[in-house]
Amino acid sequence: MSLLGYHVPLLRSIPEELGLAPVGAVAQRPGVADVCRITVHYYDRRACDSVATVINSRTSGASLETVYRRALGHKPLTHPLTEARYRAFFLALRAAGFDKLVDQDGLPAYDSTDVWMIERAAGTFIRSVVVAPTIVHSAPHKALITAVQTHLPEALRMVK
């Protein structure tokens with residue numbers, strides 16, 4: 001079984017296990033302009049898998065909520081985002097061509113690397129991309145990883 005065949009269902013099950021609504025459902029809430037979610041799976045369990053969701057609301061602005069599997073009682077850590085920071089992240093996703101990217105090529109056929117699923121939803125539009133940040137080779141996928149690392153470092157904070 002390929003890594004994607006195994007990890008896509010695994011990555012999709014993490015938010016569900018944590019009781020989080022799918023990004024499409026969050027994007028449909030009144031006042032929500034768009035949503036971005038980063039689900040992180042650590043293959044060797046050195047840290048808790050996590051789900052970080054950026055919600056950009058027309059009324060209250062942008063915020064980041066991170067929930068950890070097996071930690072903190074699944075209570076979200078919430079960080080407000082300034083408009084400038086949110087805009088910089090959104091523009092970095094656009095510059096990476098996120099809305100047209102496919103899952104990263106060249107992933108190993110076994111569970112030997114950390115993987116992320118980055119999802120974006122706005123209205124009825126939903127897109128997801130799976131990447132392995134330690135073995136990425138393509139420029140657009142590197143740009144996507146850099147966008148998260150640069151603009152949303154809290155989304156990648158490890159909890160053991």
# chains A, B, ... in the order shown; residues from 1 in each chain; ligands from 1
$ residues_around --residues "segment 53-56 of chain A" --least-positions-apart "6" --cutoff "8 Å" --atoms "only C-alpha atoms" --output "tab-separated table (two decimals) with C-alpha atoms, in the first residue's frame"
chain	number	residue	atom	x	y	z
A	32	VAL	CA	-16.55	32.74	7.75
A	33	ALA	CA	-14.61	33.94	4.71
A	34	ASP	CA	-12.14	31.06	4.46
A	35	VAL	CA	-10.46	28.27	6.41
A	36	CYS	CA	-7.04	26.65	6.25
A	37	ARG	CA	-6.08	23.53	8.21
A	38	ILE	CA	-2.72	21.87	8.76
A	62	ALA	CA	-8.40	35.56	11.75
A	63	SER	CA	-7.43	33.14	14.48
A	64	LEU	CA	-5.48	29.90	14.75
A	65	GLU	CA	-6.72	27.00	16.87
A	66	THR	CA	-4.46	24.00	17.46
$ select_by_dssp --residues "chain A" --states "helix (DSSP H, G or I)" --output "count of residues only"
56
$ closest_atom_pairs --of "segment 76-100 of chain A" --to "segment 140-160 of chain A" --cutoff "7 Å" --atoms "only C-alpha atoms" --output "Markdown table"
| residue | atom | partner | partner_atom | distance |
| --- | --- | --- | --- | --- |
| A:Arg85 | CA | A:His151 | CA | 6.7 |
| A:Phe89 | CA | A:His151 | CA | 5.5 |
| A:Ala92 | CA | A:Ala147 | CA | 5.6 |
| A:Leu93 | CA | A:Leu144 | CA | 6.1 |
| A:Ala96 | CA | A:Pro140 | CA | 5.0 |
| A:Gly97 | CA | A:Pro140 | CA | 6.8 |
$ closest_residue --among "A:Pro22, A:Pro76, A:Gly106, A:Gly31" --to "Ser50 of chain A" --atoms "only C-alpha atoms"
A:Pro76
$ closest_residue --among "A:Leu91, A:Ala27, A:Val102, A:Ala84" --to "Ile126 of chain A" --atoms "only C-alpha atoms"
A:Ala27
$ closest_residue --among "A:Leu20, A:Val131, A:Leu11, A:Leu107" --to "Asp49 of chain A" --atoms "only C-alpha atoms"
A:Leu11
$ select_by_dssp --residues "segment 85-146 of chain A" --states "strand (DSSP E or B)" --output "VMD selection string"
chain A and resid 115 to 122 125 to 131
$ atom_distance --atom1 "atom CA of Val115 of chain A" --atom2 "atom CA of Ala88 of chain A"
23.5 Å
$ atom_distance --atom1 "atom CA of Thr39 of chain A" --atom2 "atom CA of Ser57 of chain A"
20.6 Å
$ atom_distance --atom1 "atom CA of Ser13 of chain A" --atom2 "atom CA of Gly61 of chain A"
27.8 Å
$ decode --residues "segment 27-56 of chain A" --atoms "N, CA and C atoms" --output "PDB file, in the first residue's frame"
ATOM      1  N   ALA A  27     -16.141  26.311   6.740  1.00  0.00           N
ATOM      2  CA  ALA A  27     -16.223  27.390   5.758  1.00  0.00           C
ATOM      3  C   ALA A  27     -17.658  27.817   5.482  1.00  0.00           C
ATOM      4  N   GLN A  28     -18.621  26.934   5.744  1.00  0.00           N
ATOM      5  CA  GLN A  28     -20.026  27.244   5.507  1.00  0.00           C
ATOM      6  C   GLN A  28     -20.687  27.994   6.667  1.00  0.00           C
ATOM      7  N   ARG A  29     -19.991  28.130   7.779  1.00  0.00           N
ATOM      8  CA  ARG A  29     -20.563  28.834   8.921  1.00  0.00           C
ATOM      9  C   ARG A  29     -20.783  30.312   8.573  1.00  0.00           C
ATOM     10  N   PRO A  30     -21.823  30.912   9.129  1.00  0.00           N
ATOM     11  CA  PRO A  30     -22.081  32.329   8.854  1.00  0.00           C
ATOM     12  C   PRO A  30     -20.892  33.206   9.244  1.00  0.00           C
ATOM     13  N   GLY A  31     -20.523  34.105   8.367  1.00  0.00           N
ATOM     14  CA  GLY A  31     -19.454  35.054   8.632  1.00  0.00           C
ATOM     15  C   GLY A  31     -18.050  34.560   8.334  1.00  0.00           C
ATOM     16  N   VAL A  32     -17.888  33.274   8.026  1.00  0.00           N
ATOM     17  CA  VAL A  32     -16.549  32.744   7.751  1.00  0.00           C
ATOM     18  C   VAL A  32     -16.196  32.985   6.290  1.00  0.00           C
ATOM     19  N   ALA A  33     -15.061  33.654   6.072  1.00  0.00           N
ATOM     20  CA  ALA A  33     -14.607  33.940   4.712  1.00  0.00           C
ATOM     21  C   ALA A  33     -13.836  32.757   4.135  1.00  0.00           C
ATOM     22  N   ASP A  34     -12.883  32.231   4.908  1.00  0.00           N
ATOM     23  CA  ASP A  34     -12.145  31.057   4.459  1.00  0.00           C
ATOM     24  C   ASP A  34     -11.473  30.371   5.635  1.00  0.00           C
ATOM     25  N   VAL A  35     -11.029  29.133   5.377  1.00  0.00           N
ATOM     26  CA  VAL A  35     -10.459  28.273   6.407  1.00  0.00           C
ATOM     27  C   VAL A  35      -9.229  27.593   5.823  1.00  0.00           C
ATOM     28  N   CYS A  36      -8.205  27.435   6.644  1.00  0.00           N
ATOM     29  CA  CYS A  36      -7.039  26.652   6.255  1.00  0.00           C
ATOM     30  C   CYS A  36      -6.700  25.750   7.437  1.00  0.00           C
ATOM     31  N   ARG A  37      -6.386  24.492   7.140  1.00  0.00           N
ATOM     32  CA  ARG A  37      -6.083  23.525   8.206  1.00  0.00           C
ATOM     33  C   ARG A  37      -4.797  22.789   7.877  1.00  0.00           C
ATOM     34  N   ILE A  38      -3.950  22.636   8.894  1.00  0.00           N
ATOM     35  CA  ILE A  38      -2.717  21.865   8.758  1.00  0.00           C
ATOM     36  C   ILE A  38      -2.796  20.712   9.752  1.00  0.00           C
ATOM     37  N   THR A  39      -2.872  19.493   9.220  1.00  0.00           N
ATOM     38  CA  THR A  39      -2.886  18.290  10.048  1.00  0.00           C
ATOM     39  C   THR A  39      -1.501  17.669   9.944  1.00  0.00           C
ATOM     40  N   VAL A  40      -0.873  17.416  11.097  1.00  0.00           N
ATOM     41  CA  VAL A  40       0.489  16.900  11.135  1.00  0.00           C
ATOM     42  C   VAL A  40       0.488  15.526  11.792  1.00  0.00           C
ATOM     43  N   HIS A  41       1.104  14.559  11.101  1.00  0.00           N
ATOM     44  CA  HIS A  41       1.266  13.200  11.636  1.00  0.00           C
ATOM     45  C   HIS A  41       2.753  12.909  11.785  1.00  0.00           C
ATOM     46  N   TYR A  42       3.160  12.528  13.005  1.00  0.00           N
ATOM     47  CA  TYR A  42       4.542  12.137  13.280  1.00  0.00           C
ATOM     48  C   TYR A  42       4.610  10.618  13.229  1.00  0.00           C
ATOM     49  N   TYR A  43       5.295  10.086  12.236  1.00  0.00           N
ATOM     50  CA  TYR A  43       5.295   8.648  12.001  1.00  0.00           C
ATOM     51  C   TYR A  43       5.885   7.863  13.173  1.00  0.00           C
ATOM     52  N   ASP A  44       6.832   8.456  13.912  1.00  0.00           N
ATOM     53  CA  ASP A  44       7.499   7.736  14.997  1.00  0.00           C
ATOM     54  C   ASP A  44       6.939   8.078  16.382  1.00  0.00           C
ATOM     55  N   ARG A  45       5.848   8.839  16.415  1.00  0.00           N
ATOM     56  CA  ARG A  45       5.153   9.206  17.649  1.00  0.00           C
ATOM     57  C   ARG A  45       6.033   9.983  18.632  1.00  0.00           C
ATOM     58  N   ARG A  46       7.051  10.692  18.122  1.00  0.00           N
ATOM     59  CA  ARG A  46       7.906  11.477  19.009  1.00  0.00           C
ATOM     60  C   ARG A  46       7.178  12.687  19.576  1.00  0.00           C
ATOM     61  N   ALA A  47       6.067  13.050  18.944  1.00  0.00           N
ATOM     62  CA  ALA A  47       5.221  14.149  19.413  1.00  0.00           C
ATOM     63  C   ALA A  47       3.775  13.791  19.072  1.00  0.00           C
ATOM     64  N   CYS A  48       2.850  14.491  19.670  1.00  0.00           N
ATOM     65  CA  CYS A  48       1.432  14.251  19.410  1.00  0.00           C
ATOM     66  C   CYS A  48       1.055  14.792  18.036  1.00  0.00           C
ATOM     67  N   ASP A  49       0.289  14.018  17.284  1.00  0.00           N
ATOM     68  CA  ASP A  49      -0.260  14.530  16.028  1.00  0.00           C
ATOM     69  C   ASP A  49      -1.092  15.764  16.366  1.00  0.00           C
ATOM     70  N   SER A  50      -1.185  16.689  15.411  1.00  0.00           N
ATOM     71  CA  SER A  50      -1.900  17.932  15.698  1.00  0.00           C
ATOM     72  C   SER A  50      -2.725  18.384  14.508  1.00  0.00           C
ATOM     73  N   VAL A  51      -3.719  19.217  14.826  1.00  0.00           N
ATOM     74  CA  VAL A  51      -4.570  19.824  13.814  1.00  0.00           C
ATOM     75  C   VAL A  51      -4.659  21.311  14.137  1.00  0.00           C
ATOM     76  N   ALA A  52      -4.137  22.134  13.226  1.00  0.00           N
ATOM     77  CA  ALA A  52      -4.175  23.584  13.403  1.00  0.00           C
ATOM     78  C   ALA A  52      -5.098  24.166  12.340  1.00  0.00           C
ATOM     79  N   THR A  53      -6.097  24.923  12.785  1.00  0.00           N
ATOM     80  CA  THR A  53      -7.095  25.470  11.870  1.00  0.00           C
ATOM     81  C   THR A  53      -7.096  26.985  11.944  1.00  0.00           C
ATOM     82  N   VAL A  54      -6.879  27.614  10.790  1.00  0.00           N
ATOM     83  CA  VAL A  54      -6.979  29.069  10.681  1.00  0.00           C
ATOM     84  C   VAL A  54      -8.379  29.377  10.163  1.00  0.00           C
ATOM     85  N   ILE A  55      -9.103  30.184  10.914  1.00  0.00           N
ATOM     86  CA  ILE A  55     -10.439  30.606  10.500  1.00  0.00           C
ATOM     87  C   ILE A  55     -10.420  32.118  10.326  1.00  0.00           C
ATOM     88  N   ASN A  56     -10.743  32.556   9.126  1.00  0.00           N
ATOM     89  CA  ASN A  56     -10.810  33.984   8.836  1.00  0.00           C
ATOM     90  C   ASN A  56     -12.284  34.373   8.792  1.00  0.00           C
TER      91      ASN A  56
END
